[in-house]
Amino acid sequence: MIMIKDLKQRAVNLKWIGPVPEGYKKVALLIPLFNEDSNCNMERRLSYFKGLAEKYRDEIDVIIIDDGSTDRSLQKLVTFFELNQSAFFVASVYPNAQKVGALFLTTLSITHEFVILSDFDTDLDGLWNVGKSIENLRRNPELMGCYYRMVPYEGSGNIFLWQQLEYSCLRVFYRIHHKEQSVPVMPGAGSCYKRSVLNNIFVRHSGLRSGEDRESTLIGLRGGYKTVYVDNILISTRPPLTLKALVKQRIRWELGYLETFSKERDYYLSEMRKMKKIGVRAVLDFLVIAFVLLLPITLFATAFINPIVALLILPSIYILNALGCIIMIVTGPKEFSELKGKKMKAVVMFPAIKLIVDYFSWFGAIRTFIRKSRKSRLKPATLTGVFF
């Protein structure tokens, strides 16, 4: 109820630009945008969604949501819409509702049975398979939705290649959740929900932006719902292409993890006690976080006690990480098809980049979390026992 209270206090409203979707189609595709005026590809992206709307006009309503942009994004969106009025639907939310609030107001304003969530810079391929996936969701009342196959797209260089391997490994790793029909995060850039379930989730959502998709997933799982992986719909996301941009992105992601854990700690702890996949995954995550953050101190202390052992620590970490990647490739070769002939190059550089990214992103996220906690309802003491 926190988000609803915040939206009311700030008098956030939604206004439709042009016609309102009638809802006779089963599926709505929601695309929020915020301050895209400086994006030189804004018109190209609008043209992409115009083409998507025309291609699937009989099955899907495409809805572009301006989330209180403070630049000229809304004006550009309206101008494009006026020239292409049959393209898609346009909603304007004001003031900014931190994405999840904008999505909530939109899902309350439509009557579609299913909602696909995606991002302005994301491509969606294979949507002709949506019919099959929603039939599966409709037949099983326990399912809240499904998440799609997400891959990094349109990039080059070592940071891009590293993310290709990372995303592939995560898709294989998520298979451990298949039996329980759970997953830690249904990505906000590519997932489908039953709209009625999503509205119930949003009612309980904090409205926090950093981990909105993780929190939504956990609220659904806590409510007894399940989710499945649909690999015949492809979500092509444009990832950061520099190390600095990647760390900045991951600080936001990890901050979202900490905020979600703090808010949903009772559920996480219950899953840990029951040894469910979500709980085991959380324990492993925090062990890795503690190990990474304490690694510099460990190396320094070990160097005084036994320099030889200290010299062996980093090579051992490197070998174990590389071996883990190789096991993933052998286990789920289909998920690594985008890497083509670059698998071994990606494996060779993966451990070093991962260590750097994990250290600086978690350090930055924890520092930000503690700072924000002093000014908000989140209590840093919640995580003290986990890290130290």
# chains A, B, ... in the order shown; residues from 1 in each chain; ligands from 1
$ select_by_dssp --residues "region 162-337 of chain A" --states "strand (DSSP E)" --output "PyMOL selection string"
chain A and resi 190-194+226-237
$ residues_around --residues "region 59-63 of chain A" --least-positions-apart "3" --cutoff "10 Å" --atoms "only C-alpha atoms" --output "ChimeraX atom specification"
/A:20-32,49-50,52-56,66,87-91,106,112,114-116,127-128,130-131
$ write_last_selection --atoms "N, CA, C and O atoms" --output "tab-separated table (two decimals), in the first residue's frame"
chain	number	residue	atom	x	y	z
A	20	VAL	N	-8.57	5.49	-25.99
A	20	VAL	CA	-8.24	4.55	-24.92
A	20	VAL	C	-8.39	3.13	-25.46
A	20	VAL	O	-9.34	2.84	-26.18
A	21	PRO	N	-7.45	2.22	-25.16
A	21	PRO	CA	-7.59	0.84	-25.63
A	21	PRO	C	-8.92	0.24	-25.18
A	21	PRO	O	-9.29	0.37	-24.01
A	22	GLU	N	-9.62	-0.39	-26.11
A	22	GLU	CA	-10.93	-0.94	-25.78
A	22	GLU	C	-10.83	-2.24	-25.01
A	22	GLU	O	-11.78	-2.64	-24.33
A	23	GLY	N	-9.72	-2.95	-25.14
A	23	GLY	CA	-9.49	-4.14	-24.34
A	23	GLY	C	-10.09	-5.41	-24.88
A	23	GLY	O	-10.13	-6.42	-24.19
A	24	TYR	N	-10.58	-5.39	-26.15
A	24	TYR	CA	-11.11	-6.63	-26.70
A	24	TYR	C	-9.99	-7.60	-27.07
A	24	TYR	O	-10.23	-8.79	-27.27
A	25	LYS	N	-8.76	-7.09	-27.16
A	25	LYS	CA	-7.61	-7.98	-27.35
A	25	LYS	C	-7.18	-8.52	-25.99
A	25	LYS	O	-7.35	-7.86	-24.97
A	26	LYS	N	-6.59	-9.69	-26.00
A	26	LYS	CA	-6.22	-10.32	-24.73
A	26	LYS	C	-4.95	-9.73	-24.12
A	26	LYS	O	-4.76	-9.79	-22.91
A	27	VAL	N	-4.07	-9.16	-24.95
A	27	VAL	CA	-2.73	-8.79	-24.49
A	27	VAL	C	-2.45	-7.31	-24.74
A	27	VAL	O	-2.75	-6.78	-25.82
A	28	ALA	N	-1.84	-6.67	-23.75
A	28	ALA	CA	-1.33	-5.30	-23.90
A	28	ALA	C	0.17	-5.31	-23.65
A	28	ALA	O	0.64	-5.94	-22.70
A	29	LEU	N	0.91	-4.66	-24.51
A	29	LEU	CA	2.36	-4.49	-24.35
A	29	LEU	C	2.62	-3.10	-23.83
A	29	LEU	O	2.31	-2.10	-24.50
A	30	LEU	N	3.19	-3.00	-22.62
A	30	LEU	CA	3.43	-1.70	-21.97
A	30	LEU	C	4.89	-1.30	-22.09
A	30	LEU	O	5.78	-2.05	-21.67
A	31	ILE	N	5.13	-0.10	-22.65
A	31	ILE	CA	6.48	0.41	-22.84
A	31	ILE	C	6.61	1.77	-22.17
A	31	ILE	O	6.19	2.80	-22.72
A	32	PRO	N	7.16	1.84	-20.96
A	32	PRO	CA	7.36	3.14	-20.31
A	32	PRO	C	8.61	3.84	-20.85
A	32	PRO	O	9.58	3.18	-21.23
A	49	PHE	N	8.21	0.48	-32.60
A	49	PHE	CA	6.98	0.07	-31.92
A	49	PHE	C	5.75	0.27	-32.79
A	49	PHE	O	4.76	-0.47	-32.67
A	50	LYS	N	5.82	1.24	-33.69
A	50	LYS	CA	4.75	1.39	-34.68
A	50	LYS	C	4.66	0.15	-35.55
A	50	LYS	O	3.56	-0.40	-35.78
A	52	LEU	N	5.73	-2.82	-34.78
A	52	LEU	CA	5.31	-3.93	-33.93
A	52	LEU	C	3.79	-3.92	-33.75
A	52	LEU	O	3.13	-4.97	-33.82
A	53	ALA	N	3.25	-2.72	-33.52
A	53	ALA	CA	1.80	-2.59	-33.33
A	53	ALA	C	1.05	-2.99	-34.59
A	53	ALA	O	-0.01	-3.64	-34.52
A	54	GLU	N	1.57	-2.60	-35.74
A	54	GLU	CA	0.91	-2.93	-37.00
A	54	GLU	C	1.00	-4.43	-37.29
A	54	GLU	O	0.04	-5.04	-37.79
A	55	LYS	N	2.13	-5.03	-36.97
A	55	LYS	CA	2.33	-6.45	-37.24
A	55	LYS	C	1.40	-7.32	-36.40
A	55	LYS	O	0.90	-8.36	-36.87
A	56	TYR	N	1.15	-6.89	-35.15
A	56	TYR	CA	0.34	-7.70	-34.24
A	56	TYR	C	-0.96	-6.99	-33.87
A	56	TYR	O	-1.48	-7.16	-32.77
A	66	ASP	N	4.51	7.72	-21.25
A	66	ASP	CA	5.49	8.73	-20.82
A	66	ASP	C	5.35	8.91	-19.32
A	66	ASP	O	4.30	9.33	-18.81
A	87	ALA	N	-0.94	3.83	-35.01
A	87	ALA	CA	0.24	3.04	-34.65
A	87	ALA	C	0.09	2.35	-33.31
A	87	ALA	O	0.05	1.13	-33.22
A	88	PHE	N	0.01	3.12	-32.26
A	88	PHE	CA	-0.07	2.56	-30.90
A	88	PHE	C	-0.86	3.51	-30.02
A	88	PHE	O	-1.27	4.58	-30.46
A	89	PHE	N	-1.05	3.13	-28.78
A	89	PHE	CA	-1.75	3.99	-27.83
A	89	PHE	C	-0.72	4.74	-26.98
A	89	PHE	O	0.38	4.24	-26.75
A	90	VAL	N	-1.10	5.92	-26.52
A	90	VAL	CA	-0.18	6.76	-25.75
A	90	VAL	C	-0.84	7.17	-24.43
A	90	VAL	O	-1.97	7.66	-24.41
A	91	ALA	N	-0.12	6.95	-23.33
A	91	ALA	CA	-0.57	7.38	-22.01
A	91	ALA	C	0.46	8.33	-21.42
A	91	ALA	O	1.67	8.12	-21.60
A	106	THR	N	-1.42	2.43	-15.36
A	106	THR	CA	-1.84	1.98	-16.69
A	106	THR	C	-2.61	0.67	-16.61
A	106	THR	O	-3.65	0.50	-17.25
A	112	HIS	N	-7.29	-5.56	-20.44
A	112	HIS	CA	-6.70	-6.73	-21.07
A	112	HIS	C	-6.46	-7.83	-20.03
A	112	HIS	O	-6.18	-7.55	-18.86
A	114	PHE	N	-3.98	-10.08	-20.17
A	114	PHE	CA	-2.55	-10.27	-19.95
A	114	PHE	C	-1.79	-8.99	-20.30
A	114	PHE	O	-2.20	-8.22	-21.17
A	115	VAL	N	-0.66	-8.81	-19.61
A	115	VAL	CA	0.18	-7.63	-19.82
A	115	VAL	C	1.62	-8.07	-20.02
A	115	VAL	O	2.17	-8.83	-19.21
A	116	ILE	N	2.22	-7.62	-21.12
A	116	ILE	CA	3.65	-7.84	-21.35
A	116	ILE	C	4.38	-6.57	-20.96
A	116	ILE	O	4.01	-5.47	-21.39
A	127	LEU	N	6.83	-12.74	-31.06
A	127	LEU	CA	5.58	-12.49	-30.35
A	127	LEU	C	4.41	-13.27	-30.95
A	127	LEU	O	3.33	-13.32	-30.34
A	128	TRP	N	4.60	-13.88	-32.13
A	128	TRP	CA	3.54	-14.73	-32.67
A	128	TRP	C	3.31	-15.96	-31.79
A	128	TRP	O	2.29	-16.64	-31.93
A	130	VAL	N	2.97	-15.70	-28.56
A	130	VAL	CA	2.30	-15.26	-27.34
A	130	VAL	C	1.03	-16.04	-27.09
A	130	VAL	O	0.70	-16.38	-25.95
A	131	GLY	N	0.29	-16.35	-28.16
A	131	GLY	CA	-0.96	-17.07	-28.02
A	131	GLY	C	-0.80	-18.38	-27.27
A	131	GLY	O	-1.59	-18.71	-26.37
$ closest_residue --among "A:Ser182, A:Thr260, A:Gln164, A:Thr107" --to "Glu215 (chain A)" --atoms "only C-alpha atoms"
A:Thr260
$ closest_residue --among "A:Tyr257, A:Phe363, A:Phe81, A:Phe291" --to "Gly211 (chain A)" --atoms "only C-alpha atoms"
A:Tyr257
$ residues_around --residues "region 138-148 of chain A" --least-positions-apart "4" --cutoff "10 Å" --atoms "only C-alpha atoms" --output "ChimeraX atom specification"
/A:113-117,124,133-134,181-183,185-198,201,217,220-221,223-235
$ closest_atom_pairs --of "region 138-213 of chain A" --to "region 298-322 of chain A" --cutoff "12 Å" --atoms "only C-alpha atoms" --output "tab-separated table"
residue	atom	partner	partner_atom	distance
A:Leu165	CA	A:Ala322	CA	11.3
A:Glu166	CA	A:Asn321	CA	11.5
A:Cys169	CA	A:Asn321	CA	11.4
$ write_last_selection --atoms "all heavy atoms" --output "PDB file, in the first residue's frame"
ATOM      1  N   LEU A 165      28.013 -13.815 -22.226  1.00  0.00           N
ATOM      2  CA  LEU A 165      28.288 -15.045 -21.489  1.00  0.00           C
ATOM      3  C   LEU A 165      27.542 -15.063 -20.156  1.00  0.00           C
ATOM      4  O   LEU A 165      26.974 -16.093 -19.756  1.00  0.00           O
ATOM      5  CB  LEU A 165      29.795 -15.191 -21.250  1.00  0.00           C
ATOM      6  CG  LEU A 165      30.239 -16.435 -20.453  1.00  0.00           C
ATOM      7  CD1 LEU A 165      29.805 -17.719 -21.157  1.00  0.00           C
ATOM      8  CD2 LEU A 165      31.754 -16.434 -20.248  1.00  0.00           C
ATOM      9  N   GLU A 166      27.523 -13.935 -19.460  1.00  0.00           N
ATOM     10  CA  GLU A 166      26.851 -13.863 -18.166  1.00  0.00           C
ATOM     11  C   GLU A 166      25.360 -14.152 -18.302  1.00  0.00           C
ATOM     12  O   GLU A 166      24.797 -14.948 -17.535  1.00  0.00           O
ATOM     13  CB  GLU A 166      27.047 -12.477 -17.544  1.00  0.00           C
ATOM     14  CG  GLU A 166      26.413 -12.348 -16.161  1.00  0.00           C
ATOM     15  CD  GLU A 166      26.242 -10.900 -15.737  1.00  0.00           C
ATOM     16  OE1 GLU A 166      25.916 -10.055 -16.604  1.00  0.00           O
ATOM     17  OE2 GLU A 166      26.397 -10.616 -14.553  1.00  0.00           O
ATOM     18  N   CYS A 169      24.842 -17.849 -18.951  1.00  0.00           N
ATOM     19  CA  CYS A 169      25.031 -18.652 -17.738  1.00  0.00           C
ATOM     20  C   CYS A 169      23.834 -18.528 -16.794  1.00  0.00           C
ATOM     21  O   CYS A 169      23.394 -19.512 -16.196  1.00  0.00           O
ATOM     22  CB  CYS A 169      26.310 -18.219 -17.014  1.00  0.00           C
ATOM     23  SG  CYS A 169      27.843 -18.713 -17.830  1.00  0.00           S
TER      24      CYS A 169
END
$ residues_around --residues "Pro333 (chain A)" --least-positions-apart "4" --cutoff "12 Å" --atoms "only C-alpha atoms" --output "PDB file with N, CA, C and O atoms, in the first residue's frame"
ATOM      1  N   LEU A 165      28.013 -13.815 -22.226  1.00  0.00           N
ATOM      2  CA  LEU A 165      28.288 -15.045 -21.489  1.00  0.00           C
ATOM      3  C   LEU A 165      27.542 -15.063 -20.156  1.00  0.00           C
ATOM      4  O   LEU A 165      26.974 -16.093 -19.756  1.00  0.00           O
ATOM      5  N   SER A 168      23.869 -15.805 -20.626  1.00  0.00           N
ATOM      6  CA  SER A 168      23.706 -17.209 -21.009  1.00  0.00           C
ATOM      7  C   SER A 168      23.836 -18.120 -19.793  1.00  0.00           C
ATOM      8  O   SER A 168      23.040 -19.048 -19.611  1.00  0.00           O
ATOM      9  N   CYS A 169      24.842 -17.849 -18.951  1.00  0.00           N
ATOM     10  CA  CYS A 169      25.031 -18.652 -17.738  1.00  0.00           C
ATOM     11  C   CYS A 169      23.834 -18.528 -16.794  1.00  0.00           C
ATOM     12  O   CYS A 169      23.394 -19.512 -16.196  1.00  0.00           O
ATOM     13  N   ARG A 171      20.740 -17.909 -17.629  1.00  0.00           N
ATOM     14  CA  ARG A 171      19.595 -18.643 -18.176  1.00  0.00           C
ATOM     15  C   ARG A 171      19.721 -20.133 -17.867  1.00  0.00           C
ATOM     16  O   ARG A 171      18.730 -20.797 -17.559  1.00  0.00           O
ATOM     17  N   VAL A 172      20.939 -20.658 -17.945  1.00  0.00           N
ATOM     18  CA  VAL A 172      21.148 -22.059 -17.594  1.00  0.00           C
ATOM     19  C   VAL A 172      20.946 -22.261 -16.101  1.00  0.00           C
ATOM     20  O   VAL A 172      20.298 -23.227 -15.666  1.00  0.00           O
ATOM     21  N   CYS A 325      31.934 -21.675 -15.815  1.00  0.00           N
ATOM     22  CA  CYS A 325      31.413 -21.260 -17.128  1.00  0.00           C
ATOM     23  C   CYS A 325      31.400 -22.428 -18.109  1.00  0.00           C
ATOM     24  O   CYS A 325      30.436 -22.626 -18.857  1.00  0.00           O
ATOM     25  N   ILE A 326      32.471 -23.195 -18.114  1.00  0.00           N
ATOM     26  CA  ILE A 326      32.571 -24.345 -19.022  1.00  0.00           C
ATOM     27  C   ILE A 326      31.492 -25.370 -18.717  1.00  0.00           C
ATOM     28  O   ILE A 326      30.861 -25.934 -19.628  1.00  0.00           O
ATOM     29  N   ILE A 327      31.233 -25.620 -17.422  1.00  0.00           N
ATOM     30  CA  ILE A 327      30.177 -26.557 -17.025  1.00  0.00           C
ATOM     31  C   ILE A 327      28.819 -26.064 -17.521  1.00  0.00           C
ATOM     32  O   ILE A 327      27.984 -26.858 -18.007  1.00  0.00           O
ATOM     33  N   MET A 328      28.589 -24.759 -17.409  1.00  0.00           N
ATOM     34  CA  MET A 328      27.331 -24.185 -17.891  1.00  0.00           C
ATOM     35  C   MET A 328      27.175 -24.389 -19.392  1.00  0.00           C
ATOM     36  O   MET A 328      26.091 -24.729 -19.886  1.00  0.00           O
ATOM     37  N   ILE A 329      28.259 -24.165 -20.138  1.00  0.00           N
ATOM     38  CA  ILE A 329      28.213 -24.317 -21.593  1.00  0.00           C
ATOM     39  C   ILE A 329      27.894 -25.759 -21.976  1.00  0.00           C
ATOM     40  O   ILE A 329      27.093 -26.020 -22.881  1.00  0.00           O
ATOM     41  N   SER A 337      24.215 -19.913 -27.916  1.00  0.00           N
ATOM     42  CA  SER A 337      24.297 -19.834 -29.372  1.00  0.00           C
ATOM     43  C   SER A 337      24.732 -18.457 -29.873  1.00  0.00           C
ATOM     44  O   SER A 337      25.379 -18.348 -30.919  1.00  0.00           O
ATOM     45  N   GLU A 338      24.404 -17.393 -29.108  1.00  0.00           N
ATOM     46  CA  GLU A 338      24.778 -16.041 -29.547  1.00  0.00           C
ATOM     47  C   GLU A 338      26.290 -15.818 -29.525  1.00  0.00           C
ATOM     48  O   GLU A 338      26.805 -14.946 -30.227  1.00  0.00           O
ATOM     49  N   LEU A 339      27.008 -16.584 -28.731  1.00  0.00           N
ATOM     50  CA  LEU A 339      28.459 -16.405 -28.617  1.00  0.00           C
ATOM     51  C   LEU A 339      29.210 -16.946 -29.822  1.00  0.00           C
ATOM     52  O   LEU A 339      30.341 -16.538 -30.098  1.00  0.00           O
ATOM     53  N   LYS A 340      28.589 -17.886 -30.514  1.00  0.00           N
ATOM     54  CA  LYS A 340      29.178 -18.484 -31.715  1.00  0.00           C
ATOM     55  C   LYS A 340      30.601 -18.954 -31.442  1.00  0.00           C
ATOM     56  O   LYS A 340      30.849 -19.779 -30.602  1.00  0.00           O
ATOM     57  N   LYS A 343      33.192 -18.359 -27.555  1.00  0.00           N
ATOM     58  CA  LYS A 343      32.942 -18.910 -26.218  1.00  0.00           C
ATOM     59  C   LYS A 343      34.198 -18.936 -25.364  1.00  0.00           C
ATOM     60  O   LYS A 343      34.195 -18.498 -24.206  1.00  0.00           O
TER      61      LYS A 343
END
$ select_by_dssp --residues "region 93-148 of chain A" --states "helix (DSSP H, G or I)" --output "PyMOL selection string"
chain A and resi 100-109+127-139
$ residues_around --residues "Pro240 (chain A)" --least-positions-apart "5" --cutoff "8 Å" --atoms "only C-alpha atoms" --output "list in words"
Ile159, Phe160, Ala245, Leu246 and Gln249 of chain A
$ closest_residue --among "A:Asp6, A:Asp358, A:Asp67, A:Asp121" --to "Asp285 (chain A)" --atoms "only C-alpha atoms"
A:Asp358
$ atom_distance --atom1 "CA of Lys132 (chain A)" --atom2 "CA of Met150 (chain A)"
18.6 Å
$ residues_around --residues "Arg281 (chain A)" --least-positions-apart "5" --cutoff "12 Å" --atoms "only C-alpha atoms" --output "compact mmCIF listing (two decimals) with N, CA, C and O atoms, in the first residue's frame"
# COMPACT_ATOMS: atom_id res chain seq x y z
N PHE A 173 21.47 -21.34 -15.31
CA PHE A 173 21.37 -21.45 -13.85
C PHE A 173 19.92 -21.40 -13.39
O PHE A 173 19.54 -22.05 -12.41
N TYR A 174 19.08 -20.65 -14.11
CA TYR A 174 17.68 -20.53 -13.73
C TYR A 174 16.92 -21.84 -13.88
O TYR A 174 15.82 -21.99 -13.38
N ILE A 176 17.48 -24.46 -12.42
CA ILE A 176 17.31 -25.12 -11.12
C ILE A 176 15.97 -24.75 -10.49
O ILE A 176 15.51 -25.42 -9.58
N HIS A 177 15.37 -23.66 -10.98
CA HIS A 177 14.08 -23.23 -10.45
C HIS A 177 12.91 -23.86 -11.21
O HIS A 177 11.75 -23.61 -10.87
N SER A 182 9.72 -21.28 -10.00
CA SER A 182 10.07 -20.01 -9.37
C SER A 182 11.30 -19.45 -10.08
O SER A 182 11.97 -20.16 -10.82
N VAL A 183 11.57 -18.19 -9.84
CA VAL A 183 12.76 -17.55 -10.37
C VAL A 183 12.99 -16.29 -9.54
O VAL A 183 12.02 -15.68 -9.07
N PRO A 184 14.25 -15.90 -9.27
CA PRO A 184 14.47 -14.71 -8.43
C PRO A 184 13.92 -13.42 -9.05
O PRO A 184 13.44 -12.55 -8.32
N VAL A 185 14.01 -13.30 -10.38
CA VAL A 185 13.58 -12.07 -11.03
C VAL A 185 12.90 -12.38 -12.37
O VAL A 185 13.48 -13.04 -13.22
N TYR A 268 12.09 -14.41 2.36
CA TYR A 268 13.42 -14.95 2.07
C TYR A 268 13.85 -15.91 3.18
O TYR A 268 14.34 -17.02 2.91
N LEU A 269 13.71 -15.49 4.43
CA LEU A 269 14.14 -16.32 5.56
C LEU A 269 13.33 -17.61 5.64
O LEU A 269 13.86 -18.67 5.97
N GLU A 271 12.03 -19.16 3.04
CA GLU A 271 12.53 -20.00 1.96
C GLU A 271 13.88 -20.62 2.32
O GLU A 271 14.18 -21.75 1.92
N MET A 272 14.69 -19.89 3.06
CA MET A 272 15.98 -20.43 3.51
C MET A 272 15.76 -21.61 4.47
O MET A 272 16.42 -22.65 4.35
N MET A 275 14.72 -24.63 2.74
CA MET A 275 15.70 -25.06 1.74
C MET A 275 15.10 -25.05 0.34
O MET A 275 15.44 -25.86 -0.52
N LYS A 276 14.22 -24.06 0.07
CA LYS A 276 13.68 -23.89 -1.27
C LYS A 276 14.72 -23.20 -2.14
O LYS A 276 15.66 -22.58 -1.65
N PHE A 286 24.64 -14.15 -0.85
CA PHE A 286 25.24 -13.37 0.22
C PHE A 286 26.60 -13.91 0.63
O PHE A 286 27.48 -13.15 1.06
N LEU A 287 26.82 -15.21 0.49
CA LEU A 287 28.14 -15.77 0.73
C LEU A 287 29.14 -15.24 -0.30
O LEU A 287 30.28 -14.89 0.04
N VAL A 288 28.70 -15.18 -1.54
CA VAL A 288 29.56 -14.65 -2.60
C VAL A 288 29.85 -13.18 -2.36
O VAL A 288 30.99 -12.71 -2.52
$ closest_residue --among "A:Val100, A:Asn136, A:Arg204, A:Arg252" --to "Ser118 (chain A)" --atoms "only C-alpha atoms"
A:Val100
$ residues_around --residues "Val12 (chain A)" --least-positions-apart "3" --cutoff "9 Å" --atoms "only C-alpha atoms" --output "PyMOL selection string"
chain A and resi 6-9+93-97+101-102+105
$ write_last_selection --atoms "N, CA, C and O atoms" --output "PDB file, in the first residue's frame"
ATOM      1  N   ASP A   6       1.773   6.923  -1.797  1.00  0.00           N
ATOM      2  CA  ASP A   6       2.692   7.903  -2.386  1.00  0.00           C
ATOM      3  C   ASP A   6       2.086   8.529  -3.637  1.00  0.00           C
ATOM      4  O   ASP A   6       2.178   9.746  -3.838  1.00  0.00           O
ATOM      5  N   LEU A   7       1.460   7.719  -4.491  1.00  0.00           N
ATOM      6  CA  LEU A   7       0.858   8.234  -5.719  1.00  0.00           C
ATOM      7  C   LEU A   7      -0.262   9.224  -5.392  1.00  0.00           C
ATOM      8  O   LEU A   7      -0.401  10.260  -6.054  1.00  0.00           O
ATOM      9  N   LYS A   8      -1.049   8.918  -4.350  1.00  0.00           N
ATOM     10  CA  LYS A   8      -2.138   9.816  -3.956  1.00  0.00           C
ATOM     11  C   LYS A   8      -1.595  11.116  -3.367  1.00  0.00           C
ATOM     12  O   LYS A   8      -2.083  12.198  -3.665  1.00  0.00           O
ATOM     13  N   GLN A   9      -0.563  10.995  -2.520  1.00  0.00           N
ATOM     14  CA  GLN A   9       0.001  12.186  -1.893  1.00  0.00           C
ATOM     15  C   GLN A   9       0.584  13.139  -2.923  1.00  0.00           C
ATOM     16  O   GLN A   9       0.494  14.353  -2.788  1.00  0.00           O
ATOM     17  N   VAL A  93       1.719   9.980 -17.830  1.00  0.00           N
ATOM     18  CA  VAL A  93       1.649   9.975 -16.364  1.00  0.00           C
ATOM     19  C   VAL A  93       2.423  11.185 -15.851  1.00  0.00           C
ATOM     20  O   VAL A  93       3.554  11.438 -16.285  1.00  0.00           O
ATOM     21  N   TYR A  94       1.818  11.920 -14.945  1.00  0.00           N
ATOM     22  CA  TYR A  94       2.495  13.110 -14.398  1.00  0.00           C
ATOM     23  C   TYR A  94       2.059  13.336 -12.948  1.00  0.00           C
ATOM     24  O   TYR A  94       0.887  13.197 -12.623  1.00  0.00           O
ATOM     25  N   PRO A  95       3.040  13.682 -12.062  1.00  0.00           N
ATOM     26  CA  PRO A  95       4.493  13.713 -12.291  1.00  0.00           C
ATOM     27  C   PRO A  95       5.080  12.306 -12.362  1.00  0.00           C
ATOM     28  O   PRO A  95       4.338  11.332 -12.294  1.00  0.00           O
ATOM     29  N   ASN A  96       6.401  12.239 -12.465  1.00  0.00           N
ATOM     30  CA  ASN A  96       7.090  10.962 -12.591  1.00  0.00           C
ATOM     31  C   ASN A  96       6.691  10.009 -11.473  1.00  0.00           C
ATOM     32  O   ASN A  96       6.661  10.369 -10.304  1.00  0.00           O
ATOM     33  N   ALA A  97       6.376   8.749 -11.862  1.00  0.00           N
ATOM     34  CA  ALA A  97       5.896   7.755 -10.898  1.00  0.00           C
ATOM     35  C   ALA A  97       6.895   6.628 -10.711  1.00  0.00           C
ATOM     36  O   ALA A  97       6.512   5.539 -10.265  1.00  0.00           O
ATOM     37  N   GLY A 101       5.063   2.867 -10.696  1.00  0.00           N
ATOM     38  CA  GLY A 101       3.811   3.586 -10.476  1.00  0.00           C
ATOM     39  C   GLY A 101       3.088   3.865 -11.780  1.00  0.00           C
ATOM     40  O   GLY A 101       1.855   3.767 -11.865  1.00  0.00           O
ATOM     41  N   ALA A 102       3.861   4.197 -12.812  1.00  0.00           N
ATOM     42  CA  ALA A 102       3.274   4.453 -14.134  1.00  0.00           C
ATOM     43  C   ALA A 102       2.651   3.178 -14.695  1.00  0.00           C
ATOM     44  O   ALA A 102       1.568   3.202 -15.296  1.00  0.00           O
ATOM     45  N   LEU A 105      -0.681   2.491 -12.720  1.00  0.00           N
ATOM     46  CA  LEU A 105      -1.793   3.332 -13.148  1.00  0.00           C
ATOM     47  C   LEU A 105      -2.326   2.885 -14.509  1.00  0.00           C
ATOM     48  O   LEU A 105      -3.540   2.929 -14.758  1.00  0.00           O
TER      49      LEU A 105
END
